[in-house]
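Okay, model-v1.txt is below, compact mmCIF, C-alpha atoms:
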# COMPACT_ATOMS: atom_id res chain seq x y z
CA MET A 282 0.00 0.00 0.00
CA SER A 283 1.28 3.43 -0.95
CA ILE A 284 -0.13 6.07 1.35
CA LEU A 285 0.61 8.69 -1.28
CA ASP A 286 -1.81 7.15 -3.77
CA LEU A 287 -4.92 6.68 -1.63
CA ALA A 288 -6.32 10.21 -2.07
CA PRO A 289 -5.06 13.68 -2.97
CA VAL A 290 -5.42 14.85 0.64
CA VAL A 291 -4.69 13.07 3.92
CA PRO A 292 -6.65 14.71 6.74
CA VAL A 293 -4.38 15.53 9.68
CA VAL A 294 -6.66 15.25 12.68
CA VAL A 295 -6.31 16.21 16.34
CA ILE A 296 -8.95 14.44 18.41
CA ASP A 297 -9.68 15.92 21.84
CA ARG A 298 -12.77 13.84 22.61
CA VAL A 299 -12.73 10.18 21.71
CA GLU A 300 -16.49 10.23 21.10
CA THR A 301 -15.90 12.25 17.94
CA ALA A 302 -13.47 9.75 16.41
CA VAL A 303 -15.88 7.36 14.69
CA PRO A 304 -18.40 9.87 13.29
CA LEU A 305 -15.53 12.07 12.15
CA ALA A 306 -13.83 9.19 10.35
CA ARG A 307 -17.10 8.10 8.76
CA ALA A 308 -17.66 11.61 7.42
CA LEU A 309 -14.16 11.79 5.95
CA VAL A 310 -14.48 8.38 4.30
CA ALA A 311 -17.95 9.24 2.95
CA GLY A 312 -16.43 12.36 1.41
CA GLY A 313 -13.81 10.31 -0.41
CA LEU A 314 -10.78 10.51 1.89
CA PRO A 315 -10.01 7.02 3.26
CA ALA A 316 -6.52 7.75 4.66
CA ILE A 317 -6.81 9.55 8.00
CA GLU A 318 -3.86 10.62 10.14
CA VAL A 319 -4.72 10.96 13.83
CA THR A 320 -1.92 12.83 15.56
CA LEU A 321 -0.56 11.56 18.86
CA ARG A 322 -0.99 14.98 20.44
CA THR A 323 -3.85 14.24 22.81
CA PRO A 324 -4.36 11.69 25.60
CA CYS A 325 -7.18 9.96 23.72
CA ALA A 326 -5.40 9.65 20.36
CA LEU A 327 -4.55 5.95 20.64
CA GLU A 328 -8.07 5.07 21.76
CA ALA A 329 -9.42 7.12 18.85
CA ILE A 330 -7.23 5.14 16.43
CA ALA A 331 -8.44 1.87 17.96
CA ARG A 332 -12.10 2.84 17.66
CA ILE A 333 -11.76 3.97 14.05
CA ALA A 334 -9.85 0.80 13.15
CA ALA A 335 -12.60 -1.33 14.70
CA GLU A 336 -15.70 0.57 13.61
CA VAL A 337 -14.94 2.30 10.29
CA PRO A 338 -14.01 -0.43 7.80
CA GLY A 339 -13.53 2.03 4.93
CA ALA A 340 -10.89 4.01 6.80
CA VAL A 341 -7.16 3.52 6.39
CA ILE A 342 -6.24 4.86 9.80
CA GLY A 343 -2.76 6.12 10.58
CA ALA A 344 -0.90 7.65 13.48
CA GLY A 345 0.86 10.98 13.14
CA THR A 346 3.36 12.88 15.28
CA VAL A 347 5.12 9.55 15.86
CA ARG A 348 8.37 10.45 17.62
CA THR A 349 9.59 7.43 19.58
CA ALA A 350 9.86 3.67 19.31
CA ALA A 351 7.18 3.47 22.01
CA ASP A 352 4.88 5.57 19.82
CA VAL A 353 5.45 3.13 16.97
CA SER A 354 4.55 0.02 18.95
CA ALA A 355 1.58 1.64 20.69
CA SER A 356 0.19 2.94 17.38
CA VAL A 357 0.46 -0.40 15.59
CA GLU A 358 -1.06 -2.17 18.58
CA ALA A 359 -3.99 0.27 18.49
CA GLY A 360 -4.61 -0.59 14.85
CA ALA A 361 -2.74 2.06 12.88
CA ARG A 362 -2.14 0.96 9.30
CA PHE A 363 0.49 3.62 8.59
CA LEU A 364 2.76 5.94 10.55
CA VAL A 365 3.82 9.54 9.99
CA SER A 366 6.66 11.29 11.80
CA PRO A 367 7.80 14.92 11.83
CA GLY A 368 11.41 13.81 11.37
CA GLY A 369 13.55 10.70 11.14
CA THR A 370 16.08 9.94 13.88
CA PRO A 371 18.07 6.69 13.58
CA THR A 372 16.25 5.11 16.54
CA LEU A 373 12.83 6.06 15.25
CA LEU A 374 13.63 4.84 11.74
CA GLU A 375 14.69 1.44 13.05
CA ALA A 376 11.42 1.13 14.95
CA MET A 377 9.34 2.17 11.95
CA LEU A 378 11.25 -0.16 9.62
CA GLY A 379 10.48 -3.01 12.00
CA SER A 380 6.84 -2.09 12.46
CA GLY A 381 5.50 -3.98 9.45
CA VAL A 382 3.36 -1.04 8.29
CA PRO A 383 4.04 1.71 5.73
CA PHE A 384 5.38 4.98 7.09
CA LEU A 385 6.25 8.50 6.01
CA PRO A 386 9.32 9.85 7.80
CA GLY A 387 9.56 13.62 7.86
CA ALA A 388 12.29 15.59 6.09
CA ALA A 389 12.81 19.30 5.49
CA THR A 390 16.26 19.57 3.89
CA ALA A 391 18.05 18.02 0.92
CA SER A 392 20.48 16.26 3.27
CA GLU A 393 17.64 14.70 5.27
CA VAL A 394 15.97 13.53 2.07
CA MET A 395 19.24 12.07 0.80
CA ALA A 396 19.89 10.28 4.10
CA LEU A 397 16.45 8.66 3.96
CA ALA A 398 16.84 7.79 0.29
CA GLU A 399 20.14 6.06 1.11
CA ARG A 400 18.12 3.73 3.33
CA GLY A 401 15.75 2.96 0.49
CA LEU A 402 13.00 5.26 1.73
CA THR A 403 11.56 7.18 -1.18
CA GLU A 404 8.10 8.14 0.10
CA LEU A 405 8.45 10.91 2.65
CA LYS A 406 6.61 13.63 4.49
CA PHE A 407 7.88 17.13 3.64
CA PHE A 408 7.43 19.07 6.87
CA PRO A 409 6.85 21.84 7.68
CA ALA A 410 5.99 22.34 4.02
CA VAL A 411 5.31 26.06 3.70
CA PRO A 412 7.85 27.31 6.28
CA ALA A 413 10.50 24.99 4.80
CA GLY A 414 10.21 26.45 1.30
CA GLY A 415 6.92 25.20 -0.12
CA LEU A 416 6.43 24.77 -3.83
CA SER A 417 9.74 26.23 -4.93
CA TYR A 418 11.71 23.98 -2.61
CA LEU A 419 9.92 20.82 -3.73
CA LYS A 420 10.47 21.81 -7.37
CA ALA A 421 14.18 22.18 -6.64
CA LEU A 422 14.37 18.75 -5.00
CA ALA A 423 12.79 17.04 -8.02
CA GLY A 424 15.87 17.62 -10.18
CA PRO A 425 18.57 15.87 -8.15
CA LEU A 426 16.19 13.46 -6.35
CA PRO A 427 13.59 12.40 -8.94
CA GLU A 428 12.93 9.04 -7.28
CA VAL A 429 11.60 10.61 -4.06
CA ARG A 430 7.90 11.41 -3.63
CA PHE A 431 6.39 13.52 -0.89
CA CYS A 432 3.34 14.26 1.16
CA PRO A 433 3.91 17.93 2.04
CA THR A 434 2.20 18.94 5.28
CA GLY A 435 2.19 22.17 7.22
CA GLY A 436 0.58 25.41 6.15
CA ILE A 437 -1.21 24.02 3.09
CA ARG A 438 -4.69 25.34 2.39
CA PRO A 439 -7.42 24.27 -0.07
CA GLU A 440 -6.48 27.12 -2.40
CA THR A 441 -2.78 26.22 -2.42
CA ALA A 442 -3.12 22.42 -2.46
CA PRO A 443 -3.61 22.10 -6.25
CA GLY A 444 -0.25 23.77 -6.88
CA PHE A 445 1.48 21.17 -4.71
CA LEU A 446 -0.48 18.30 -6.25
CA ALA A 447 0.60 19.40 -9.72
CA LEU A 448 4.26 18.68 -8.90
CA PRO A 449 5.56 15.35 -10.22
CA ASN A 450 7.20 14.51 -6.88
CA VAL A 451 4.06 15.09 -4.79
CA GLY A 452 1.63 12.22 -4.32
CA CYS A 453 -0.72 13.85 -1.83
CA VAL A 454 -0.83 16.64 0.72
CA GLY A 455 -1.63 16.65 4.41
CA GLY A 456 -4.40 19.00 5.44
CA THR A 457 -5.74 20.25 8.76
CA TRP A 458 -8.57 22.31 7.28
CA LEU A 459 -10.93 19.34 6.88
CA THR A 460 -11.92 19.12 10.54
CA PRO A 461 -12.70 22.63 11.82
CA ALA A 462 -12.86 22.83 15.61
CA ASP A 463 -16.27 24.48 15.57
CA ALA A 464 -17.69 21.73 13.33
CA LEU A 465 -16.41 19.05 15.68
CA ALA A 466 -17.69 20.89 18.75
CA SER A 467 -21.18 21.14 17.28
CA GLY A 468 -21.20 17.67 15.72
CA ASP A 469 -21.54 19.10 12.22
CA TYR A 470 -20.21 16.06 10.41
CA ALA A 471 -22.10 16.98 7.25
CA ARG A 472 -19.76 19.96 6.97
CA VAL A 473 -16.75 17.67 7.44
CA GLU A 474 -18.04 15.36 4.70
CA LYS A 475 -18.53 18.34 2.37
CA LEU A 476 -14.99 19.58 3.00
CA ALA A 477 -13.69 16.05 2.41
CA ALA A 478 -15.55 15.77 -0.89
CA GLU A 479 -14.09 19.09 -2.04
CA ALA A 480 -10.60 17.93 -1.04
CA ALA A 481 -11.04 14.56 -2.75
CA ALA A 482 -11.70 16.43 -5.99
CA LEU A 483 -8.58 18.60 -5.68
CA ARG A 484 -6.30 18.15 -8.64
CA ALA A 485 -4.56 20.91 -10.53
Can you present the structure in this file as C-alpha cells?
Amino acid sequence: MSILDLAPVVPVVVIDRVETAVPLARALVAGGLPAIEVTLRTPCALEAIARIAAEVPGAVIGAGTVRTAADVSASVEAGARFLVSPGGTPTLLEAMLGSGVPFLPGAATASEVMALAERGLTELKFFPAVPAGGLSYLKALAGPLPEVRFCPTGGIRPETAPGFLALPNVGCVGGTWLTPADALASGDYARVEKLAAEAAALRA
C-alpha cells in the first residue's frame, strides 16, 4: 500500500474527545478521503485510532506525530495501518522499519531527504511544508532526487493544495482544514463530509 496514492489529501486530525473519532472518520471516508492521520498529540489519540480501526471499515487509519519507538509500537497495537513522523532519527527509523506497516518519515532539507533515500525510503513527508520552502523547494528537490515522492504537510490550504499536487514529486498533501474545531464541537459532520468531498476532488 502506498499512502501517497490513496487520495489527494490526507486529513491531519487532532482528536480531543474520543467520542468524535468514529463519526468524524465516517464523514471523511464518505467524502472520499479514506486515509486519516490521527496525531498523537492528545491523551485519547490511541483510543481514537483503535475505535476507528474497529468501527470504520472504509478508513485507512494512521498515526501521526510519531516520535519514539514506544509511539510506533503503541500505534500499531492500536490498529494504525500507517505511521507519519515529523522527522527521522536513527532510533525512530529502526522502529518504523520493523513495524510492518508503511510509514512517512519527515524531512525538510536536501540532506535529510538524501539520508532517507540512502536507506531505500523514497516516500516521505515534507514538513513543515510552507515554512521549509513550499512549492519552490519541492520543485528544486525534483531535479537531483527524482525518485523521491512527498506528502507535504504544514501550512497548506485548499487554495494552495492544487499547486502542490501538480508537482511530479508530490503524491498527496496533508491538510488540517478538513476538521474545523467548531464543526467538531457542534457535531456538524455533514460539513466535514462536504470539505472532504471538495478535497477529494482537488487536482490541478
For a cut-off of 12 Å around (-20.8, 18.8, 8.2), file coordinates, pick out all residues using all atoms listed in the file and list them as an NGL selection string.
:A and (304-305 or 307-309 or 311-312 or 459-478)
Of the residues A:Lys420, A:Ser354, A:Pro367, A:Val303, which is the one nearest to A:Gly379, using all atoms listed in the file?
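Among the listed residues, the smallest separation from A:Gly379 belongs to A:Ser354.
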Would you work out the distance separating atom CA of A:Ser380 from atom CA of A:Ala340, expressed in Å to one decimal?
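We find that atom CA of A:Ser380 and atom CA of A:Ala340 lie 19.6 Å from each other.
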Do you have the atom CA of A:Glu393-atom CA of A:Pro412 distance handy?
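About the pair atom CA of A:Glu393 and atom CA of A:Pro412: they are 16.0 Å apart.
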Counting only C-alpha atoms, which residue out of A:Gly381, A:Gly343, A:Gly368, A:Pro386 sits closest to A:Leu321?
A:Gly343
Using all atoms listed in the file: which of A:Ile317, A:Ala481, A:Ala350, A:Val429 has the shortest distance to A:Phe363:
A:Ile317
d(atom CA of A:Ala482, atom CA of A:Pro449) in Å
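We find that atom CA of A:Ala482 and atom CA of A:Pro449 lie 17.8 Å from each other.
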List the residues sitting within 8 Å of (-9.8, 12.2, 20.5) in the file's frame, using only C-alpha atoms, as an MDAnalysis selection string.
chainID A and resid 295:302 323:326 328:329
